[in-house]
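What follows is target_34.cif (mmCIF, C-alpha atoms (C1' of nucleotides)).
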data_start
#
loop_
_atom_site.label_atom_id
_atom_site.label_comp_id
_atom_site.auth_asym_id
_atom_site.auth_seq_id
_atom_site.Cartn_x
_atom_site.Cartn_y
_atom_site.Cartn_z
CA MET A 217 0.00 0.00 0.00
CA GLY A 218 1.96 2.92 -1.06
CA ARG A 219 3.89 4.55 -3.83
CA GLY A 220 5.43 1.26 -4.72
CA LYS A 221 4.77 -2.37 -4.09
CA ILE A 222 7.13 -4.06 -1.64
CA GLU A 223 8.10 -7.68 -1.19
CA ILE A 224 7.28 -9.16 2.17
CA ARG A 225 10.85 -9.76 3.25
CA ARG A 226 13.09 -8.18 5.86
CA ILE A 227 13.76 -4.50 5.14
CA GLU A 228 17.53 -4.27 5.26
CA ASN A 229 17.80 -0.49 5.57
CA THR A 230 17.60 0.13 9.29
CA ASN A 231 16.00 3.51 8.97
CA ASN A 232 13.29 2.39 6.58
CA ARG A 233 12.67 -0.66 8.71
CA GLN A 234 12.16 1.52 11.76
CA ILE A 235 9.77 3.84 9.91
CA THR A 236 7.78 0.97 8.47
CA TYR A 237 7.67 -0.70 11.87
CA SER A 238 6.26 2.34 13.54
CA LYS A 239 3.63 2.94 10.84
CA ARG A 240 2.49 -0.66 10.64
CA ARG A 241 2.46 -1.10 14.39
CA ASN A 242 0.02 1.78 14.61
CA GLY A 243 -1.95 0.24 11.77
CA ILE A 244 -2.27 -3.12 13.49
CA ILE A 245 -3.29 -1.58 16.79
CA LYS A 246 -5.89 0.54 15.02
CA LYS A 247 -7.28 -2.55 13.32
CA ALA A 248 -7.34 -4.36 16.64
CA LYS A 249 -9.35 -1.55 18.20
CA GLU A 250 -11.74 -1.55 15.26
CA ILE A 251 -12.45 -5.27 15.32
CA SER A 252 -13.03 -5.16 19.05
CA VAL A 253 -15.61 -2.39 18.62
CA LEU A 254 -17.23 -3.60 15.41
CA CYS A 255 -17.49 -7.24 16.39
CA GLY A 256 -17.28 -7.24 20.18
CA ALA A 257 -14.13 -9.31 19.96
CA HIS A 258 -11.55 -9.54 22.70
CA VAL A 259 -8.14 -8.82 21.30
CA ALA A 260 -4.66 -8.72 22.71
CA VAL A 261 -1.69 -7.59 20.66
CA VAL A 262 1.87 -7.50 21.96
CA ILE A 263 4.62 -6.27 19.65
CA PHE A 264 8.37 -6.02 20.21
CA GLY A 265 10.36 -4.10 17.63
CA SER A 266 13.88 -5.23 16.81
CA SER A 267 15.10 -2.54 19.20
CA GLY A 268 13.31 -4.49 21.92
CA LYS A 269 10.81 -1.80 22.80
CA MET A 270 7.34 -3.11 23.54
CA HIS A 271 3.89 -1.96 22.53
CA GLU A 272 0.64 -3.57 23.43
CA TYR A 273 -3.03 -3.27 22.83
CA CYS A 274 -5.77 -4.95 24.72
CA SER A 275 -9.45 -4.53 24.04
CA PRO A 276 -11.40 -2.53 26.61
CA LYS A 277 -12.77 -4.22 29.71
CA ALA A 278 -10.29 -7.06 29.37
CA SER A 279 -6.76 -7.02 30.68
CA LEU A 280 -4.06 -9.00 28.98
CA VAL A 281 -4.22 -11.36 31.93
CA ASP A 282 -7.94 -11.97 31.30
CA ILE A 283 -7.29 -12.65 27.65
CA LEU A 284 -4.52 -15.07 28.49
CA ASP A 285 -6.70 -16.81 31.06
CA GLN A 286 -9.26 -17.25 28.33
CA TYR A 287 -6.48 -18.51 26.08
CA HIS A 288 -5.45 -20.95 28.74
CA THR A 289 -8.97 -22.24 29.22
CA GLN A 290 -9.70 -22.57 25.53
CA CYS A 291 -6.67 -23.93 23.86
CA GLY A 292 -5.49 -26.34 26.50
CA LYS A 293 -1.89 -25.62 25.64
CA ARG A 294 -1.16 -25.24 29.30
CA LEU A 295 0.80 -22.08 28.92
CA TRP A 296 1.18 -21.62 32.65
CA ASP A 297 2.08 -25.20 33.42
CA ALA A 298 4.89 -25.08 30.91
CA LYS A 299 6.14 -21.90 32.46
CA HIS A 300 5.80 -23.37 35.90
CA GLU A 301 7.79 -26.38 34.93
CA ASN A 302 10.57 -24.25 33.49
CA LEU A 303 10.84 -22.28 36.70
CA SER A 304 10.85 -25.40 38.84
CA ASN A 305 13.60 -26.90 36.74
CA GLU A 306 15.63 -23.74 37.04
CA ILE A 307 15.22 -23.79 40.81
CA ASP A 308 16.44 -27.38 40.96
CA ARG A 309 19.39 -26.54 38.81
CA ILE A 310 20.43 -23.56 40.89
CA LYS A 311 19.91 -25.43 44.14
CA LYS A 312 22.24 -28.16 42.98
CA ALA A 313 24.84 -25.59 42.01
CA ASN A 314 24.33 -24.07 45.42
CA ASP A 315 24.82 -27.36 47.25
CA ASN A 316 27.99 -27.94 45.31
CA LEU A 317 29.33 -24.52 46.24
CA GLN A 318 28.43 -25.12 49.88
CA MET A 319 30.38 -28.35 49.83
CA GLN A 320 33.45 -26.78 48.23
CA LEU A 321 33.28 -23.97 50.72
CA GLY A 322 33.02 -26.43 53.59
CA HIS A 323 36.04 -28.37 52.41
CA LEU A 324 38.10 -25.20 52.16
CA LYS A 325 37.14 -24.37 55.71
CA GLY A 326 38.24 -27.83 56.81
CA GLU A 327 34.76 -29.29 57.24
CA ASP A 328 33.90 -32.86 56.23
CA VAL A 329 37.41 -33.50 55.03
CA THR A 330 37.10 -37.13 56.15
CA SER A 331 35.05 -37.79 53.03
CA LEU A 332 38.00 -36.92 50.81
CA ASN A 333 40.71 -39.20 49.50
CA TYR A 334 44.40 -38.46 49.62
CA LYS A 335 44.63 -36.98 46.14
CA GLU A 336 41.70 -34.66 46.77
CA LEU A 337 43.30 -33.56 50.02
CA MET A 338 46.49 -32.65 48.19
CA VAL A 339 44.59 -30.55 45.67
CA LEU A 340 42.76 -28.86 48.50
CA GLU A 341 46.01 -28.20 50.33
CA ASP A 342 47.46 -26.52 47.24
CA VAL A 343 44.38 -24.31 46.83
CA LEU A 344 44.50 -23.32 50.48
CA GLU A 345 48.21 -22.57 50.41
CA ASN A 346 47.76 -20.46 47.33
CA GLY A 347 44.81 -18.60 48.90
CA LEU A 348 46.76 -18.03 52.07
CA ALA A 349 49.69 -16.66 50.11
CA CYS A 350 47.42 -14.23 48.24
CA VAL A 351 45.79 -13.07 51.44
CA ARG A 352 49.14 -12.54 53.18
CA ASP A 353 50.52 -10.65 50.17
CA GLN A 354 47.49 -8.41 50.25
CA LYS A 355 47.92 -7.83 53.99
CA VAL A 356 51.50 -6.78 53.33
CA SER A 357 50.41 -4.44 50.53
CA LEU A 358 47.85 -2.80 52.77
CA SER A 359 50.41 -2.37 55.53
CA LYS A 360 52.78 -0.60 53.15
CA VAL A 361 50.04 1.74 51.95
CA SER A 362 49.05 2.65 55.49
CA LYS A 363 52.67 3.36 56.40
CA LYS A 364 53.01 5.72 53.44
CA LEU A 365 49.93 7.72 54.43
CA MET B 165 -12.40 0.09 2.75
CA GLY B 166 -15.30 -1.16 0.84
CA ARG B 167 -18.39 -0.24 -1.03
CA GLY B 168 -19.46 2.08 1.70
CA LYS B 169 -17.93 3.74 4.66
CA ILE B 170 -18.87 2.29 8.04
CA GLU B 171 -18.91 3.83 11.48
CA ILE B 172 -16.64 2.18 13.98
CA ARG B 173 -19.39 0.99 16.29
CA ARG B 174 -20.78 -2.42 17.11
CA ILE B 175 -22.36 -4.14 14.10
CA GLU B 176 -25.80 -5.10 15.37
CA ASN B 177 -26.67 -7.58 12.63
CA THR B 178 -25.25 -10.86 13.90
CA ASN B 179 -24.55 -12.25 10.48
CA ASN B 180 -22.76 -9.19 9.20
CA ARG B 181 -20.83 -8.97 12.44
CA GLN B 182 -19.68 -12.54 12.03
CA ILE B 183 -18.62 -11.98 8.43
CA THR B 184 -16.78 -8.78 9.24
CA TYR B 185 -15.12 -10.48 12.20
CA SER B 186 -13.83 -13.29 10.09
CA LYS B 187 -12.54 -11.00 7.34
CA ARG B 188 -10.86 -8.53 9.65
CA ARG B 189 -9.39 -11.23 11.86
CA ASN B 190 -7.61 -12.64 8.84
CA GLY B 191 -6.54 -9.12 7.94
CA ILE B 192 -4.97 -8.48 11.33
CA ILE B 193 -3.15 -11.78 11.39
CA LYS B 194 -1.83 -11.13 7.90
CA LYS B 195 -0.58 -7.72 9.00
CA ALA B 196 1.04 -9.27 12.05
CA LYS B 197 2.91 -11.75 9.87
CA GLU B 198 3.99 -8.96 7.55
CA ILE B 199 5.39 -6.71 10.26
CA SER B 200 7.27 -9.60 11.79
CA VAL B 201 8.91 -10.38 8.46
CA LEU B 202 9.44 -6.82 7.26
CA CYS B 203 10.74 -5.43 10.52
CA GLY B 204 11.95 -8.44 12.46
CA ALA B 205 9.40 -7.69 15.15
CA HIS B 206 8.10 -10.22 17.61
CA VAL B 207 4.34 -10.20 17.58
CA ALA B 208 1.66 -12.04 19.43
CA VAL B 209 -2.01 -11.64 18.59
CA VAL B 210 -4.80 -13.38 20.44
CA ILE B 211 -8.39 -12.80 19.33
CA PHE B 212 -11.68 -14.08 20.75
CA GLY B 213 -14.79 -13.54 18.69
CA SER B 214 -18.08 -12.89 20.44
CA SER B 215 -18.86 -16.58 19.91
CA GLY B 216 -15.87 -17.27 22.18
CA LYS B 217 -13.77 -19.03 19.59
CA MET B 218 -10.11 -18.20 19.73
CA HIS B 219 -7.54 -17.43 17.10
CA GLU B 220 -3.92 -16.61 17.65
CA TYR B 221 -0.83 -15.62 15.80
CA CYS B 222 2.68 -15.62 17.06
CA SER B 223 5.73 -14.62 15.06
CA PRO B 224 8.07 -17.44 14.07
CA LYS B 225 10.81 -18.62 16.43
CA ALA B 226 8.94 -17.23 19.41
CA SER B 227 6.26 -19.02 21.33
CA LEU B 228 3.51 -17.10 23.04
CA VAL B 229 5.23 -18.01 26.30
CA ASP B 230 8.43 -16.34 25.10
CA ILE B 231 6.58 -13.21 24.07
CA LEU B 232 4.82 -13.05 27.40
CA ASP B 233 8.10 -13.54 29.22
CA GLN B 234 9.43 -10.58 27.33
CA TYR B 235 6.27 -8.68 28.21
CA HIS B 236 6.71 -9.58 31.84
CA THR B 237 10.33 -8.47 31.85
CA GLN B 238 9.63 -5.18 30.15
CA CYS B 239 6.52 -3.85 31.77
CA GLY B 240 6.81 -5.45 35.19
CA LYS B 241 3.09 -6.13 35.33
CA ARG B 242 1.95 -9.14 37.23
CA LEU B 243 1.06 -11.49 34.44
CA TRP B 244 1.89 -14.58 36.37
CA ASP B 245 -0.15 -15.78 39.25
CA ALA B 246 1.04 -15.90 42.83
CA LYS B 247 2.55 -19.32 42.40
CA HIS B 248 4.78 -18.19 39.61
CA GLU B 249 5.66 -15.06 41.44
CA ASN B 250 6.76 -17.14 44.41
CA LEU B 251 8.89 -19.30 42.18
CA SER B 252 10.45 -16.25 40.59
CA ASN B 253 11.20 -14.79 43.99
CA GLU B 254 12.74 -18.04 45.10
CA ILE B 255 14.96 -18.07 42.06
CA ASP B 256 16.13 -14.55 42.81
CA ARG B 257 16.80 -15.48 46.40
CA ILE B 258 18.78 -18.59 45.55
CA LYS B 259 20.71 -16.76 42.86
CA LYS B 260 21.76 -14.14 45.37
CA ALA B 261 22.81 -16.82 47.84
CA ASN B 262 24.73 -18.40 45.00
CA ASP B 263 26.53 -15.18 44.13
CA ASN B 264 27.45 -14.75 47.75
CA LEU B 265 28.85 -18.27 47.95
CA GLN B 266 30.80 -17.70 44.74
CA MET B 267 32.33 -14.60 46.25
CA GLN B 268 33.27 -16.33 49.51
CA LEU B 269 34.75 -19.19 47.56
CA GLY B 270 36.73 -16.77 45.42
CA HIS B 271 38.15 -15.02 48.46
CA LEU B 272 39.22 -18.32 50.02
CA LYS B 273 41.01 -19.16 46.79
CA GLY B 274 42.76 -15.82 46.90
CA GLU B 275 40.71 -14.12 44.16
CA ASP B 276 39.62 -10.48 44.36
CA VAL B 277 41.28 -10.05 47.74
CA THR B 278 42.08 -6.45 46.85
CA SER B 279 38.47 -5.58 47.60
CA LEU B 280 38.91 -6.59 51.24
CA ASN B 281 40.04 -4.47 54.15
CA TYR B 282 42.68 -5.46 56.68
CA LYS B 283 40.28 -6.85 59.24
CA GLU B 284 38.54 -8.99 56.64
CA LEU B 285 41.90 -10.27 55.46
CA MET B 286 42.79 -11.32 58.99
CA VAL B 287 39.52 -13.24 59.35
CA LEU B 288 40.15 -14.88 56.01
CA GLU B 289 43.69 -15.80 57.01
CA ASP B 290 42.40 -17.48 60.16
CA VAL B 291 39.83 -19.47 58.22
CA LEU B 292 42.43 -20.56 55.69
CA GLU B 293 44.95 -21.53 58.35
CA ASN B 294 42.31 -23.53 60.14
CA GLY B 295 41.24 -25.23 56.92
CA LEU B 296 44.81 -26.02 56.04
CA ALA B 297 45.38 -27.52 59.47
CA CYS B 298 42.31 -29.74 59.12
CA VAL B 299 43.38 -30.89 55.68
CA ARG B 300 46.92 -31.68 56.84
CA ASP B 301 45.63 -33.59 59.86
CA GLN B 302 43.43 -35.63 57.62
CA LYS B 303 46.34 -36.34 55.29
CA VAL B 304 48.32 -37.59 58.24
CA SER B 305 45.43 -39.77 59.39
CA LEU B 306 45.12 -41.31 55.95
CA SER B 307 48.87 -41.99 55.84
CA LYS B 308 48.71 -43.80 59.16
CA VAL B 309 45.80 -45.92 57.99
CA SER B 310 47.60 -46.91 54.80
CA LYS B 311 50.73 -47.83 56.75
CA LYS B 312 48.68 -50.10 59.01
CA LEU B 313 47.15 -51.97 56.03
"C1'" DC C 9 -25.09 -20.73 2.43
"C1'" DG C 10 -20.07 -19.49 1.83
"C1'" DA C 11 -16.85 -18.30 -1.70
"C1'" DA C 12 -15.86 -14.90 -5.13
"C1'" DC C 13 -16.26 -10.24 -6.83
"C1'" DT C 14 -15.61 -5.08 -7.10
"C1'" DA C 15 -16.31 -0.29 -5.81
"C1'" DT C 16 -14.50 2.15 -2.31
"C1'" DT C 17 -12.13 3.24 1.64
"C1'" DT C 18 -8.02 2.76 4.20
"C1'" DA C 19 -3.16 1.93 4.85
"C1'" DT C 20 1.10 3.03 3.68
"C1'" DA C 21 5.83 3.47 0.62
"C1'" DA C 22 8.10 6.87 -1.08
"C1'" DG C 23 8.69 11.62 -1.53
"C1'" DT C 24 8.89 16.26 0.52
"C1'" DT C 25 10.03 19.71 3.74
"C1'" DT D 146 15.72 14.08 11.70
"C1'" DA D 147 10.62 13.59 12.23
"C1'" DA D 148 6.27 15.27 10.54
"C1'" DC D 149 3.51 15.96 6.53
"C1'" DT D 150 1.94 14.76 1.69
"C1'" DT D 151 0.52 11.94 -2.07
"C1'" DA D 152 0.28 8.22 -5.32
"C1'" DT D 153 -0.59 3.66 -5.08
"C1'" DA D 154 -1.29 -0.96 -2.96
"C1'" DA D 155 -4.14 -3.46 0.05
"C1'" DA D 156 -8.25 -4.28 2.75
"C1'" DT D 157 -12.79 -4.77 2.90
"C1'" DA D 158 -18.34 -3.52 2.77
"C1'" DG D 159 -21.70 -4.64 0.19
"C1'" DT D 160 -23.01 -7.52 -3.56
"C1'" DT D 161 -23.41 -11.52 -6.47
"C1'" DC D 162 -23.58 -16.33 -7.47
#

Written as structure tokens, how would this file's structure read?
Amino acid sequence: MGRGKIEIRRIENTNNRQITYSKRRNGIIKKAKEISVLCGAHVAVVIFGSSGKMHEYCSPKASLVDILDQYHTQCGKRLWDAKHENLSNEIDRIKKANDNLQMQLGHLKGEDVTSLNYKELMVLEDVLENGLACVRDQKVSLSKVSKKL
Amino acid sequence: MGRGKIEIRRIENTNNRQITYSKRRNGIIKKAKEISVLCGAHVAVVIFGSSGKMHEYCSPKASLVDILDQYHTQCGKRLWDAKHENLSNEIDRIKKANDNLQMQLGHLKGEDVTSLNYKELMVLEDVLENGLACVRDQKVSLSKVSKKL
DNA sequence: CGAACTATTTATAAGTT
DNA sequence: TAACTTATAAATAGTTC
């Protein structure tokens, strides 16, 4: 619709793409408003431009949440359950990472070392010696600075 | 667009309303596809006609869940129910705990010690010395055991 | 009836300022 | 650059089959 016909393919020129995006976004939202008034339809439109900025439209008297509830009820795709599952999995994952860190930390502090074999103890000893050296170096550095002041 | 201009107000004739709904719904979804291709936008459209039947469009490579996640991130509105909110909060909490553990672990290994003050360094030194002592004791214990065998 | 048709309106691509 | 203009493409209201 315009001075020239365009192919429906990505507009490579960034500026033109931005202009077209803004115009067409307004167009879609206008159409969404119209169909909701003309036909009493419930409509939700969410658009993210390539810049990441969001625009939304939702027909009057219905929040996006309402529309999505309706979506959930109707289509049986279990939108929320899927989301829930993802979150639960993430929690499990992080908790495991956490436990692992706790254990490492405990070993460094000398806790539960009886569960380690000789080789592991040697590695641990090296790490601790190295840490101790760094800490002592830093103490020395700080002492020098405070003497200068 | 059409043989005659129409007011944007509810179409009272059920049949005409249904026809217009169907035509315009297709129109909106076509436009949504076009903007996603032309501009690389992410778009989600959910429409319920007055009959209650649902239609949706979601731009390729992004599920409705993804788009809603993005929505959630951007606008901070409470799209998810309390359960999900709790899960999200838990994730944040555990992640923070995790970061804290990572930092402690780093310090024990001698990383980023320059961010510590003298008092903190002394505490750290004590912890490390204690840990080292435990580890060495354990090494000795293991040696004794292996000699006995 | 729903699919196809067209006269018109509307949206918009490109141009202009 | 963004807002305005205009020629043209696209959408669609009413109609036909």

Using only C-alpha atoms (C1' of nucleotides), find each residue of chain B with at least one atom at most 12 Å away from an atom of chain D; report its shortest atom-to-atom pair and that distance in Å (one decimal), sort the rows by chain and rising residue number, and return the result as CSV.
residue,atom,partner,partner_atom,distance
B:Met165,CA,D:DT157,C1',4.9
B:Gly166,CA,D:DA158,C1',4.3
B:Arg167,CA,D:DA158,C1',5.0
B:Gly168,CA,D:DA158,C1',5.8
B:Lys169,CA,D:DA158,C1',7.5
B:Ile170,CA,D:DA158,C1',7.9
B:Glu171,CA,D:DA158,C1',11.4
B:Asn180,CA,D:DA158,C1',9.6
B:Arg181,CA,D:DA158,C1',11.4
B:Ile183,CA,D:DA158,C1',10.2
B:Thr184,CA,D:DA158,C1',8.5
B:Tyr185,CA,D:DT157,C1',11.2
B:Ser186,CA,D:DT157,C1',11.2
B:Lys187,CA,D:DT157,C1',7.7
B:Arg188,CA,D:DT157,C1',8.0
B:Arg189,CA,D:DA156,C1',11.5
B:Asn190,CA,D:DA156,C1',10.4
B:Gly191,CA,D:DA156,C1',7.3
B:Ile192,CA,D:DA156,C1',10.1
B:Lys194,CA,D:DA156,C1',10.7
B:Lys195,CA,D:DA156,C1',10.5

Would you mind aligning chain B to chain A, a least-squares fit over all C-alpha atoms taken in order, and returning the superposed chain as a tab-separated table (two decimals) with C-alpha atoms, in the coordinates of the input?
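Dumped everything to part-v8.tsv:
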chain	number	residue	atom	x	y	z
B	165	MET	CA	-18.46	-6.82	8.44
B	166	GLY	CA	-19.58	-4.27	6.02
B	167	ARG	CA	-21.79	-3.53	3.12
B	168	GLY	CA	-20.72	-6.66	1.38
B	169	LYS	CA	-18.98	-9.83	2.25
B	170	ILE	CA	-15.38	-10.13	1.07
B	171	GLU	CA	-13.25	-13.15	0.35
B	172	ILE	CA	-10.15	-13.44	2.46
B	173	ARG	CA	-7.69	-13.08	-0.39
B	174	ARG	CA	-5.29	-10.36	-1.40
B	175	ILE	CA	-7.04	-7.10	-2.31
B	176	GLU	CA	-5.62	-6.28	-5.73
B	177	ASN	CA	-6.71	-2.65	-5.87
B	178	THR	CA	-3.86	-0.79	-4.20
B	179	ASN	CA	-6.02	1.98	-2.86
B	180	ASN	CA	-8.62	-0.30	-1.35
B	181	ARG	CA	-5.88	-2.47	0.08
B	182	GLN	CA	-4.32	0.53	1.75
B	183	ILE	CA	-7.64	1.67	3.20
B	184	THR	CA	-8.52	-1.78	4.46
B	185	TYR	CA	-5.04	-2.14	5.92
B	186	SER	CA	-5.32	1.05	7.85
B	187	LYS	CA	-8.79	0.26	9.18
B	188	ARG	CA	-8.02	-3.30	10.18
B	189	ARG	CA	-4.67	-2.41	11.69
B	190	ASN	CA	-6.43	-0.03	14.04
B	191	GLY	CA	-8.98	-2.75	14.73
B	192	ILE	CA	-6.34	-5.29	15.72
B	193	ILE	CA	-4.49	-2.87	17.95
B	194	LYS	CA	-7.75	-1.91	19.63
B	195	LYS	CA	-8.52	-5.58	20.25
B	196	ALA	CA	-5.04	-6.11	21.63
B	197	LYS	CA	-5.53	-3.27	24.10
B	198	GLU	CA	-8.90	-4.66	25.10
B	199	ILE	CA	-7.69	-8.18	25.80
B	200	SER	CA	-4.80	-6.86	27.83
B	201	VAL	CA	-7.16	-4.83	29.99
B	202	LEU	CA	-10.01	-7.33	30.19
B	203	CYS	CA	-7.88	-10.39	30.84
B	204	GLY	CA	-4.61	-9.05	32.17
B	205	ALA	CA	-2.82	-10.56	29.20
B	206	HIS	CA	0.53	-9.42	27.93
B	207	VAL	CA	0.32	-8.72	24.24
B	208	ALA	CA	2.73	-7.59	21.61
B	209	VAL	CA	1.63	-6.82	18.07
B	210	VAL	CA	3.98	-5.76	15.32
B	211	ILE	CA	2.57	-5.03	11.87
B	212	PHE	CA	4.29	-4.04	8.62
B	213	GLY	CA	2.11	-2.88	5.77
B	214	SER	CA	3.11	-3.70	2.22
B	215	SER	CA	4.54	-0.17	2.03
B	216	GLY	CA	6.97	-1.29	4.75
B	217	LYS	CA	5.77	1.11	7.40
B	218	MET	CA	5.63	-0.35	10.86
B	219	HIS	CA	3.11	-0.15	13.63
B	220	GLU	CA	3.32	-1.80	17.00
B	221	TYR	CA	1.37	-2.28	20.15
B	222	CYS	CA	2.61	-3.57	23.42
B	223	SER	CA	0.52	-3.98	26.55
B	224	PRO	CA	1.25	-1.54	29.37
B	225	LYS	CA	4.01	-2.24	31.89
B	226	ALA	CA	5.74	-4.56	29.46
B	227	SER	CA	8.18	-3.51	26.82
B	228	LEU	CA	8.52	-5.48	23.62
B	229	VAL	CA	11.86	-6.67	24.99
B	230	ASP	CA	10.11	-8.08	28.07
B	231	ILE	CA	7.53	-9.86	25.97
B	232	LEU	CA	10.20	-11.34	23.77
B	233	ASP	CA	12.16	-12.45	26.80
B	234	GLN	CA	9.08	-14.25	27.96
B	235	TYR	CA	8.70	-15.70	24.48
B	236	HIS	CA	12.28	-16.85	24.54
B	237	THR	CA	11.88	-18.47	27.94
B	238	GLN	CA	8.69	-20.26	27.04
B	239	CYS	CA	9.24	-21.62	23.59
B	240	GLY	CA	13.01	-22.04	23.62
B	241	LYS	CA	13.30	-20.84	20.05
B	242	ARG	CA	16.43	-19.04	19.08
B	243	LEU	CA	15.23	-15.49	18.91
B	244	TRP	CA	18.52	-14.01	19.88
B	245	ASP	CA	21.50	-14.06	17.65
B	246	ALA	CA	24.68	-15.98	18.34
B	247	LYS	CA	26.16	-13.16	20.35
B	248	HIS	CA	23.29	-13.13	22.76
B	249	GLU	CA	23.27	-16.85	22.95
B	250	ASN	CA	26.94	-16.79	23.91
B	251	LEU	CA	26.25	-14.25	26.60
B	252	SER	CA	23.39	-16.32	27.93
B	253	ASN	CA	25.57	-19.40	28.00
B	254	GLU	CA	28.27	-17.50	29.81
B	255	ILE	CA	25.79	-16.36	32.40
B	256	ASP	CA	24.66	-19.93	32.97
B	257	ARG	CA	28.24	-21.07	33.27
B	258	ILE	CA	29.22	-18.39	35.75
B	259	LYS	CA	26.07	-18.94	37.76
B	260	LYS	CA	26.90	-22.61	38.09
B	261	ALA	CA	30.45	-21.78	39.15
B	262	ASN	CA	28.93	-19.38	41.64
B	263	ASP	CA	26.60	-22.00	43.08
B	264	ASN	CA	29.51	-24.35	43.43
B	265	LEU	CA	31.57	-21.74	45.26
B	266	GLN	CA	28.63	-20.98	47.53
B	267	MET	CA	28.38	-24.64	48.41
B	268	GLN	CA	32.11	-24.99	49.12
B	269	LEU	CA	31.99	-21.87	51.23
B	270	GLY	CA	29.00	-23.21	53.13
B	271	HIS	CA	30.76	-26.48	53.87
B	272	LEU	CA	33.85	-24.68	55.16
B	273	LYS	CA	31.61	-22.68	57.47
B	274	GLY	CA	30.05	-25.88	58.72
B	275	GLU	CA	26.74	-25.56	56.85
B	276	ASP	CA	24.97	-28.53	55.26
B	277	VAL	CA	27.71	-30.90	56.37
B	278	THR	CA	25.12	-33.64	56.78
B	279	SER	CA	25.14	-34.08	53.02
B	280	LEU	CA	28.79	-35.13	53.10
B	281	ASN	CA	30.23	-38.60	53.52
B	282	TYR	CA	33.03	-39.53	55.90
B	283	LYS	CA	35.82	-39.19	53.39
B	284	GLU	CA	34.63	-35.75	52.32
B	285	LEU	CA	34.44	-34.71	55.96
B	286	MET	CA	38.04	-35.76	56.49
B	287	VAL	CA	39.19	-33.71	53.49
B	288	LEU	CA	37.22	-30.77	54.79
B	289	GLU	CA	38.72	-31.15	58.25
B	290	ASP	CA	42.22	-31.08	56.79
B	291	VAL	CA	41.48	-27.94	54.80
B	292	LEU	CA	40.00	-26.24	57.84
B	293	GLU	CA	42.89	-27.22	60.09
B	294	ASN	CA	45.34	-25.94	57.52
B	295	GLY	CA	43.42	-22.69	57.14
B	296	LEU	CA	43.24	-22.25	60.87
B	297	ALA	CA	46.98	-22.81	61.17
B	298	CYS	CA	47.69	-20.19	58.51
B	299	VAL	CA	45.40	-17.69	60.18
B	300	ARG	CA	46.96	-18.27	63.60
B	301	ASP	CA	50.47	-17.93	62.19
B	302	GLN	CA	49.51	-14.67	60.61
B	303	LYS	CA	48.03	-13.44	63.88
B	304	VAL	CA	51.29	-14.24	65.59
B	305	SER	CA	53.26	-12.44	62.89
B	306	LEU	CA	51.11	-9.35	63.27
B	307	SER	CA	51.54	-9.42	67.06
B	308	LYS	CA	55.31	-9.53	66.69
B	309	VAL	CA	55.27	-6.61	64.28
B	310	SER	CA	53.15	-4.51	66.62
B	311	LYS	CA	55.44	-5.30	69.55
B	312	LYS	CA	58.45	-4.14	67.54
B	313	LEU	CA	56.80	-0.77	66.70

Would you mind listing what lies within 12 Å of B:Cys222 as a ChimeraX atom specification, with all atoms listed in the file counted and same-chain residues fewer than 5 positions away left out? /A:260-264 /B:192-201,205-211,227-232

Kindly provide the residues of chain C that approach chain B to within 9 Å, each paired with its closest atom pair and their distance in Å to one decimal, based on only C-alpha atoms (C1' of nucleotides), listed by chain and increasing number, as a Markdown table.
| residue | atom | partner | partner_atom | distance |
| --- | --- | --- | --- | --- |
| C:DT14 | C1' | B:Arg167 | CA | 8.2 |
| C:DA15 | C1' | B:Arg167 | CA | 5.2 |
| C:DT16 | C1' | B:Gly166 | CA | 4.6 |
| C:DT17 | C1' | B:Met165 | CA | 3.4 |
| C:DT18 | C1' | B:Met165 | CA | 5.3 |

Could you state the separation of atom CA of A:Asn302 and atom CA of B:Leu269 in Å, given to one decimal place? 28.4 Å

For the atom pair atom CA of B:Arg257 and atom CA of B:Leu272, what is the interatomic distance in Å to one decimal place?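 One can read the atom CA of B:Arg257 to atom CA of B:Leu272 distance as 22.9 Å.
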
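One distance worth recording is that between atom CA of A:Ala349 and atom CA of A:His323, which is 18.1 Å.
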
Around all of stretch 166-181 of chain B's listed atoms, make the axis-aligned box with 5 Å on each side and tell me centre and edge lengths in Å to one decimal, as lines of an AutoDock Vina configuration file.
center_x = -21.0
center_y = -4.2
center_z = 8.0
size_x = 21.4
size_y = 26.1
size_z = 28.1

Taking the file as shown, what set of residues would the PyMOL selection byres ((chain A and resi 332-342) around 8) give back, as a list in words?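 When the PyMOL selection byres ((chain A and resi 332-342) around 8) is applied, the selected residues are His323, Leu324, Asp328, Val329, Thr330, Ser331, Val343, Leu344, Glu345 and Asn346 of chain A; Leu296, Val299, Arg300, Gln302, Lys303 and Leu306 of chain B.
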
Quick one: of B:Gln182, B:Arg174, B:Asp233, B:Cys203, who's nearest to B:Lys217, counting all atoms listed in the file? B:Gln182

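Applied to the shown file, the PyMOL selection byres ((chain B and resi 266) around 12) selects the residues Ala313, Asn314, Asp315, Asn316, Leu317, Gln318, Met319, Gln320 and Leu321 of chain A; Lys259, Lys260, Ala261, Asn262, Asp263, Asn264, Leu265, Met267, Gln268, Leu269, Gly270, His271, Leu272, Lys273, Glu275 and Asp276 of chain B.
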
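Using all atoms listed in the file, the nearest neighbour of chain A within the list B:His219, B:Gly295, B:Gln238, B:Asn177 is B:Gly295.
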
From the options A:Thr230, A:Tyr273, A:Cys350, A:Lys363, which residue's atoms come nearest to chain B, counting only C-alpha atoms?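 Nearest candidate to chain B out of A:Thr230, A:Tyr273, A:Cys350, A:Lys363: A:Cys350.
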
Residue nearest chain B among A:Leu365, A:Leu254, A:Val356, A:Met270 (counting all atoms listed in the file):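 Of the candidates, the smallest distance to chain B is held by A:Leu254.
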